[in-house]
>>> print(open('model15.txt').read())   # compact mmCIF, C-alpha atoms
# COMPACT_ATOMS: atom_id res chain seq x y z
CA MET A 661 -13.22 10.03 -39.04
CA LYS A 662 -9.55 10.01 -40.05
CA ILE A 663 -8.44 11.82 -43.19
CA THR A 664 -5.04 11.22 -44.79
CA LYS A 665 -3.97 13.35 -47.72
CA ILE A 666 -2.22 11.11 -50.24
CA GLY A 667 -1.68 14.04 -52.59
CA HIS A 668 -3.44 16.57 -54.84
CA CYS A 669 -7.09 15.44 -54.65
CA CYS A 670 -6.51 11.92 -53.41
CA LEU A 671 -7.66 11.48 -49.81
CA LEU A 672 -7.86 8.33 -47.74
CA VAL A 673 -10.93 8.67 -45.54
CA GLU A 674 -11.46 6.17 -42.74
CA VAL A 675 -14.92 6.23 -41.24
CA LYS A 676 -16.69 3.50 -39.30
CA SER A 677 -15.54 0.25 -40.93
CA LEU A 678 -14.65 1.70 -44.34
CA ARG A 679 -11.47 2.93 -46.02
CA ILE A 680 -12.45 5.30 -48.82
CA LEU A 681 -10.18 6.72 -51.54
CA THR A 682 -11.00 9.84 -53.57
CA ASP A 683 -9.81 10.57 -57.10
CA PRO A 684 -6.67 8.47 -57.69
CA GLY A 685 -5.11 10.65 -60.39
CA SER A 686 -1.93 11.03 -62.39
CA ILE A 687 -0.37 13.68 -60.12
CA THR A 688 -0.74 11.59 -56.98
CA SER A 689 2.04 9.22 -55.96
CA GLY A 690 1.44 6.27 -53.68
CA ASP A 691 -2.29 5.80 -54.23
CA HIS A 692 -1.75 2.59 -56.19
CA VAL A 693 0.00 0.80 -53.30
CA LEU A 694 -2.76 1.30 -50.74
CA ASP A 695 -4.20 -1.86 -49.24
CA ASN A 696 -7.62 -2.61 -47.78
CA ILE A 697 -9.52 -0.02 -49.82
CA ASP A 698 -13.27 -0.57 -49.65
CA VAL A 699 -14.61 2.32 -51.74
CA ILE A 700 -13.25 4.60 -54.48
CA LEU A 701 -15.01 7.86 -55.37
CA ILE A 702 -14.23 9.42 -58.76
CA THR A 703 -15.61 12.90 -59.41
CA HIS A 704 -14.78 13.35 -63.10
CA GLU A 705 -12.72 12.16 -66.02
CA HIS A 706 -9.69 14.48 -66.05
CA GLY A 707 -6.38 12.67 -65.66
CA ASP A 708 -5.40 14.30 -62.38
CA HIS A 709 -8.52 12.69 -60.87
CA LEU A 710 -8.76 9.48 -62.88
CA HIS A 711 -5.53 7.69 -63.80
CA THR A 712 -6.62 4.37 -65.21
CA ASP A 713 -3.29 2.59 -64.71
CA SER A 714 -3.29 3.51 -61.02
CA LEU A 715 -6.94 2.53 -60.75
CA LYS A 716 -6.20 -0.90 -62.22
CA GLU A 717 -3.38 -1.43 -59.72
CA ILE A 718 -5.65 -0.47 -56.83
CA ILE A 719 -8.32 -2.88 -58.05
CA ALA A 720 -5.73 -5.66 -58.41
CA LYS A 721 -4.73 -5.19 -54.76
CA ASN A 722 -8.33 -4.69 -53.62
CA PRO A 723 -10.50 -6.90 -55.86
CA GLU A 724 -13.66 -6.35 -53.78
CA VAL A 725 -13.42 -2.55 -53.94
CA LYS A 726 -16.62 -0.70 -54.83
CA ILE A 727 -16.34 2.26 -57.21
CA TYR A 728 -18.88 5.08 -57.16
CA THR A 729 -18.82 7.64 -59.96
CA ASN A 730 -20.96 9.50 -62.46
CA THR A 731 -22.25 8.48 -65.87
CA SER A 732 -19.43 10.17 -67.80
CA VAL A 733 -16.65 8.41 -65.90
CA GLY A 734 -18.69 5.23 -65.86
CA ASN A 735 -18.68 5.13 -69.66
CA ILE A 736 -14.87 5.21 -69.61
CA LEU A 737 -14.66 2.49 -66.98
CA GLN A 738 -17.10 0.34 -68.93
CA THR A 739 -14.81 0.36 -71.99
CA LEU A 740 -12.01 -0.86 -69.71
CA GLY A 741 -14.10 -3.65 -68.25
CA ILE A 742 -14.09 -2.05 -64.79
CA SER A 743 -17.24 -2.45 -62.71
CA TYR A 744 -18.74 0.59 -61.04
CA GLN A 745 -21.94 1.85 -59.47
CA LYS A 746 -23.43 5.05 -60.85
CA LEU A 747 -23.88 7.71 -58.19
CA ASP A 748 -24.67 11.16 -59.56
CA GLY A 749 -27.42 13.76 -59.70
CA THR A 750 -28.86 13.89 -56.21
CA ASP A 751 -28.66 10.14 -55.60
CA PHE A 752 -27.37 8.60 -52.41
CA THR A 753 -26.44 5.16 -51.19
CA VAL A 754 -25.50 3.59 -47.88
CA HIS A 755 -22.65 1.09 -47.71
CA HIS A 756 -21.70 -0.52 -44.41
CA GLU A 757 -23.59 2.19 -42.50
CA VAL A 758 -21.78 5.03 -44.30
CA LYS A 759 -23.91 7.36 -46.41
CA PHE A 760 -22.60 8.62 -49.75
CA GLU A 761 -24.49 11.50 -51.37
CA ALA A 762 -23.93 12.85 -54.88
CA VAL A 763 -23.88 16.58 -55.57
CA ASP A 764 -23.82 17.21 -59.32
CA GLY A 765 -22.43 20.14 -61.26
CA ASN A 766 -20.27 20.92 -64.26
CA HIS A 767 -16.52 21.30 -63.90
CA VAL A 768 -15.61 24.97 -63.50
CA GLU A 769 -14.77 26.43 -66.90
CA ILE A 770 -11.10 26.34 -67.87
CA TYR A 771 -11.62 28.06 -71.21
CA GLU A 772 -14.71 28.38 -73.38
CA LYS A 773 -13.28 26.19 -76.15
CA PHE A 774 -11.92 23.58 -73.76
CA GLY A 775 -15.37 22.25 -72.96
CA LEU A 776 -17.04 21.25 -69.72
CA VAL A 777 -17.15 17.79 -68.21
CA HIS A 778 -19.64 16.22 -65.84
CA ASN A 779 -18.43 16.62 -62.24
CA THR A 780 -20.00 14.97 -59.21
CA GLY A 781 -19.02 15.90 -55.68
CA TYR A 782 -19.54 13.48 -52.80
CA PHE A 783 -20.74 14.08 -49.26
CA ILE A 784 -19.34 11.31 -47.06
CA ASP A 785 -21.25 10.26 -43.94
CA GLU A 786 -22.73 13.79 -43.69
CA LYS A 787 -19.33 15.00 -42.45
CA LEU A 788 -16.86 15.48 -45.32
CA PHE A 789 -17.80 17.14 -48.59
CA TYR A 790 -15.40 16.66 -51.49
CA PRO A 791 -16.65 18.70 -54.49
CA GLY A 792 -14.13 17.68 -57.14
CA ASP A 793 -13.47 20.54 -59.57
CA ALA A 794 -16.63 22.53 -58.91
CA TYR A 795 -17.92 25.09 -56.45
CA THR A 796 -21.06 23.15 -55.68
CA VAL A 797 -22.89 23.52 -52.39
CA PRO A 798 -24.94 20.68 -50.86
CA SER A 799 -28.50 21.96 -50.66
CA ASP A 800 -30.08 22.39 -47.23
CA LYS A 801 -27.08 20.86 -45.50
CA LYS A 802 -24.35 22.14 -43.26
CA VAL A 803 -20.86 20.91 -44.07
CA PRO A 804 -18.64 20.09 -41.09
CA ILE A 805 -15.52 19.39 -43.20
CA LEU A 806 -14.79 20.72 -46.68
CA ALA A 807 -12.03 19.49 -48.99
CA ALA A 808 -11.62 22.76 -50.91
CA PRO A 809 -9.82 23.07 -54.25
CA ILE A 810 -7.31 25.93 -54.11
CA ALA A 811 -5.29 25.93 -57.35
CA GLY A 812 -5.41 24.91 -60.98
CA PRO A 813 -6.05 26.26 -64.49
CA TRP A 814 -9.67 26.92 -63.54
CA CYS A 815 -9.25 27.99 -59.89
CA LYS A 816 -8.61 31.59 -58.83
CA THR A 817 -7.57 32.21 -55.24
CA SER A 818 -10.38 34.73 -54.84
CA ASP A 819 -12.93 32.14 -55.97
CA ALA A 820 -11.55 29.58 -53.54
CA ILE A 821 -11.89 32.09 -50.71
CA ARG A 822 -15.48 32.95 -51.67
CA TYR A 823 -16.37 29.28 -51.89
CA ILE A 824 -15.01 28.50 -48.43
CA LYS A 825 -16.82 31.53 -46.99
CA GLU A 826 -20.08 30.50 -48.66
CA ILE A 827 -20.00 27.01 -47.16
CA SER A 828 -18.40 28.11 -43.88
CA PRO A 829 -17.39 24.62 -42.72
CA ARG A 830 -16.03 23.86 -39.30
CA ILE A 831 -12.80 22.58 -40.90
CA THR A 832 -11.37 23.23 -44.37
CA ILE A 833 -8.71 20.97 -45.88
CA PRO A 834 -7.10 22.46 -49.01
CA VAL A 835 -6.78 20.09 -51.98
CA HIS A 836 -6.15 20.31 -55.73
CA ASP A 837 -2.69 21.73 -55.07
CA GLY A 838 -0.53 19.17 -56.85
CA LEU A 839 0.39 21.60 -59.64
CA LEU A 840 2.08 23.94 -57.15
CA ASN A 841 5.63 23.78 -55.87
CA ASP A 842 6.21 24.11 -52.13
CA GLN A 843 6.70 27.87 -52.28
CA GLY A 844 3.56 28.44 -54.34
CA ARG A 845 1.54 26.18 -52.06
CA GLU A 846 2.71 28.10 -48.99
CA ILE A 847 1.88 31.49 -50.52
CA ILE A 848 -1.62 30.51 -51.62
CA ASN A 849 -2.42 28.74 -48.37
CA ASN A 850 -1.30 31.78 -46.38
CA VAL A 851 -3.47 34.14 -48.45
CA ILE A 852 -6.53 31.91 -48.10
CA ALA A 853 -6.00 31.21 -44.41
CA LYS A 854 -5.80 34.93 -43.58
CA ASN A 855 -9.05 35.63 -45.41
CA VAL A 856 -11.13 32.78 -43.99
CA VAL A 857 -9.86 32.91 -40.41
CA ASP A 858 -13.32 33.96 -39.14
CA ASP A 859 -15.15 31.33 -41.20
CA THR A 860 -13.33 28.03 -40.71
CA ASP A 861 -10.39 26.17 -39.21
CA TYR A 862 -8.12 26.10 -42.26
CA THR A 863 -6.04 22.93 -41.86
CA VAL A 864 -3.21 22.31 -44.31
CA LEU A 865 -2.22 18.68 -44.82
CA ASN A 866 0.95 17.82 -46.68
CA SER A 867 1.23 14.50 -48.50
CA HIS A 868 0.59 11.61 -46.10
CA ASP A 869 -0.35 13.89 -43.20
CA GLU A 870 -3.28 12.62 -41.14
CA LEU A 871 -6.12 14.41 -39.38
CA ASP A 872 -8.30 12.70 -36.79
CA VAL A 873 -11.64 14.49 -36.57
CA THR A 874 -14.35 14.11 -33.97
CA ILE A 875 -17.24 16.51 -34.51
CA ASN A 876 -20.50 16.68 -32.63
CA PHE A 877 -22.39 18.61 -35.24
CA THR A 878 -25.61 20.39 -34.32
CA GLU A 879 -27.80 22.90 -36.08
CA ASP A 880 -26.21 25.65 -33.99
CA ASN A 881 -22.65 24.93 -35.20
>>> encode(input="model15.txt", output="structure tokens")
Amino acid sequence: MKITKIGHCCLLVEVKSLRILTDPGSITSGDHVLDNIDVILITHEHGDHLHTDSLKEIIAKNPEVKIYTNTSVGNILQTLGISYQKLDGTDFTVHHEVKFEAVDGNHVEIYEKFGLVHNTGYFIDEKLFYPGDAYTVPSDKKVPILAAPIAGPWCKTSDAIRYIKEISPRITIPVHDGLLNDQGREIINNVIAKNVVDDTDYTVLNSHDELDVTINFTEDN
């Protein structure tokens, strides 16, 4: 599996024969020019995860792309005439020998009057779990690689640390950091890294950095 961080929460995940894109949002630059995208995963409807203009450009360049998302996002896509396949709750599907599993949960509260939106995390090929904007945990599963949100109007550093410790993945890739400047990103990453050093390999990827991962994952890991 190769993981390239495009920016914020947008990852390009290459596994087996597929190129998979997560959450092409308004903060991310460069997601709309990517070629040969087979699958797009959209966790929820907020603009930093779903930017419809970027999505349309990606579809124009990749007309056969398959979009997996939840019912809430699906309703938005339907009004735009964009085809999608619903994947939420505890559903799963297999596409070109890659398994995609949904892990449902509400978006973490920003403020009580702001309202909650439907958020669906996705477990890709039983290796990478991308939760979106929620602290969900795949039930009865170990997580080799976690894309962990670390910053935002709903995300406290202490909560991010607790979440990483709870899942205790082999590798953690910090995401949801597009609202931070370089100095803020460095400070928060340093604080988290120091506090999870015994729990995970905390691997910071800057925009367009790549990580090649080969994991032989057993019950003892």
>>> residues_around(input="model15.txt", residues="segment 824-830 of chain A", least_positions_apart="6", cutoff="10 Å", atoms="only C-alpha atoms", output="VMD selection string")
chain A and resid 787 to 789 795 to 798 801 to 810 852 855 to 862 875 877 881
>>> residues_around(input="model15.txt", residues="Lys662 of chain A", least_positions_apart="5", cutoff="8 Å", atoms="all atoms listed in the file", output="ChimeraX atom specification")
/A:673-675,870-873
>>> write_last_selection(input="model15.txt", atoms="C-alpha atoms", output="PDB file, keeping the file's coordinate frame")
ATOM      1  CA  VAL A 673     -10.930   8.670 -45.540  1.00  0.00           C
ATOM      2  CA  GLU A 674     -11.460   6.170 -42.740  1.00  0.00           C
ATOM      3  CA  VAL A 675     -14.920   6.230 -41.240  1.00  0.00           C
ATOM      4  CA  GLU A 870      -3.280  12.620 -41.140  1.00  0.00           C
ATOM      5  CA  LEU A 871      -6.120  14.410 -39.380  1.00  0.00           C
ATOM      6  CA  ASP A 872      -8.300  12.700 -36.790  1.00  0.00           C
ATOM      7  CA  VAL A 873     -11.640  14.490 -36.570  1.00  0.00           C
TER       8      VAL A 873
END
>>> atom_distance(input="model15.txt", atom1="atom CA of His709 of chain A", atom2="atom CA of Leu747 of chain A")
16.4 Å
>>> residues_around(input="model15.txt", residues="Gly707 of chain A", least_positions_apart="5", cutoff="10 Å", atoms="all atoms listed in the file", output="PDB file with C-alpha atoms, keeping the file's coordinate frame")
ATOM      1  CA  ASP A 683      -9.810  10.570 -57.100  1.00  0.00           C
ATOM      2  CA  PRO A 684      -6.670   8.470 -57.690  1.00  0.00           C
ATOM      3  CA  GLY A 685      -5.110  10.650 -60.390  1.00  0.00           C
ATOM      4  CA  SER A 686      -1.930  11.030 -62.390  1.00  0.00           C
ATOM      5  CA  ILE A 687      -0.370  13.680 -60.120  1.00  0.00           C
ATOM      6  CA  THR A 712      -6.620   4.370 -65.210  1.00  0.00           C
TER       7      THR A 712
END
>>> atom_distance(input="model15.txt", atom1="atom CA of Gly667 of chain A", atom2="atom CA of Lys773 of chain A")
28.9 Å
>>> closest_residue(input="model15.txt", among="A:Leu671, A:Ile700, A:Ile680, A:Ala762", to="Pro791 of chain A", atoms="only C-alpha atoms")
A:Ala762
>>> residues_near_point(input="model15.txt", point="(-0.3, 19.9, -60.0)", cutoff="7 Å", atoms="all atoms listed in the file", output="PDB file with C-alpha atoms, in the frame of the given file")
ATOM      1  CA  HIS A 668      -3.440  16.570 -54.840  1.00  0.00           C
ATOM      2  CA  ILE A 687      -0.370  13.680 -60.120  1.00  0.00           C
ATOM      3  CA  ASP A 837      -2.690  21.730 -55.070  1.00  0.00           C
ATOM      4  CA  GLY A 838      -0.530  19.170 -56.850  1.00  0.00           C
ATOM      5  CA  LEU A 839       0.390  21.600 -59.640  1.00  0.00           C
ATOM      6  CA  LEU A 840       2.080  23.940 -57.150  1.00  0.00           C
TER       7      LEU A 840
END
>>> atom_distance(input="model15.txt", atom1="atom CA of Pro723 of chain A", atom2="atom CA of Thr780 of chain A")
24.1 Å
>>> residues_around(input="model15.txt", residues="His704 of chain A", least_positions_apart="4", cutoff="10 Å", atoms="only C-alpha atoms", output="short mmCIF file (atom, residue, chain, number, x, y, z; two decimals) with C-alpha atoms, keeping the file's coordinate frame")
data_model
loop_
_atom_site.label_atom_id
_atom_site.label_comp_id
_atom_site.auth_asym_id
_atom_site.auth_seq_id
_atom_site.Cartn_x
_atom_site.Cartn_y
_atom_site.Cartn_z
CA ASP A 683 -9.81 10.57 -57.10
CA ASP A 708 -5.40 14.30 -62.38
CA HIS A 709 -8.52 12.69 -60.87
CA LEU A 710 -8.76 9.48 -62.88
CA THR A 729 -18.82 7.64 -59.96
CA ASN A 730 -20.96 9.50 -62.46
CA THR A 731 -22.25 8.48 -65.87
CA SER A 732 -19.43 10.17 -67.80
CA VAL A 733 -16.65 8.41 -65.90
CA GLY A 734 -18.69 5.23 -65.86
CA ASN A 766 -20.27 20.92 -64.26
CA HIS A 767 -16.52 21.30 -63.90
CA VAL A 777 -17.15 17.79 -68.21
CA HIS A 778 -19.64 16.22 -65.84
CA ASN A 779 -18.43 16.62 -62.24
CA THR A 780 -20.00 14.97 -59.21
CA GLY A 781 -19.02 15.90 -55.68
CA GLY A 792 -14.13 17.68 -57.14
CA ASP A 793 -13.47 20.54 -59.57
#
>>> residues_near_point(input="model15.txt", point="(-0.9, 28.0, -50.1)", cutoff="9 Å", atoms="all atoms listed in the file", output="ChimeraX atom specification")
/A:810-811,834,837,840,842-853,864
>>> write_last_selection(input="model15.txt", atoms="C-alpha atoms", output="PDB file, keeping the file's coordinate frame")
ATOM      1  CA  ILE A 810      -7.310  25.930 -54.110  1.00  0.00           C
ATOM      2  CA  ALA A 811      -5.290  25.930 -57.350  1.00  0.00           C
ATOM      3  CA  PRO A 834      -7.100  22.460 -49.010  1.00  0.00           C
ATOM      4  CA  ASP A 837      -2.690  21.730 -55.070  1.00  0.00           C
ATOM      5  CA  LEU A 840       2.080  23.940 -57.150  1.00  0.00           C
ATOM      6  CA  ASP A 842       6.210  24.110 -52.130  1.00  0.00           C
ATOM      7  CA  GLN A 843       6.700  27.870 -52.280  1.00  0.00           C
ATOM      8  CA  GLY A 844       3.560  28.440 -54.340  1.00  0.00           C
ATOM      9  CA  ARG A 845       1.540  26.180 -52.060  1.00  0.00           C
ATOM     10  CA  GLU A 846       2.710  28.100 -48.990  1.00  0.00           C
ATOM     11  CA  ILE A 847       1.880  31.490 -50.520  1.00  0.00           C
ATOM     12  CA  ILE A 848      -1.620  30.510 -51.620  1.00  0.00           C
ATOM     13  CA  ASN A 849      -2.420  28.740 -48.370  1.00  0.00           C
ATOM     14  CA  ASN A 850      -1.300  31.780 -46.380  1.00  0.00           C
ATOM     15  CA  VAL A 851      -3.470  34.140 -48.450  1.00  0.00           C
ATOM     16  CA  ILE A 852      -6.530  31.910 -48.100  1.00  0.00           C
ATOM     17  CA  ALA A 853      -6.000  31.210 -44.410  1.00  0.00           C
ATOM     18  CA  VAL A 864      -3.210  22.310 -44.310  1.00  0.00           C
TER      19      VAL A 864
END
>>> closest_residue(input="model15.txt", among="A:Asp785, A:Asp691, A:Glu705, A:Asp748", to="Ile666 of chain A", atoms="only C-alpha atoms")
A:Asp691
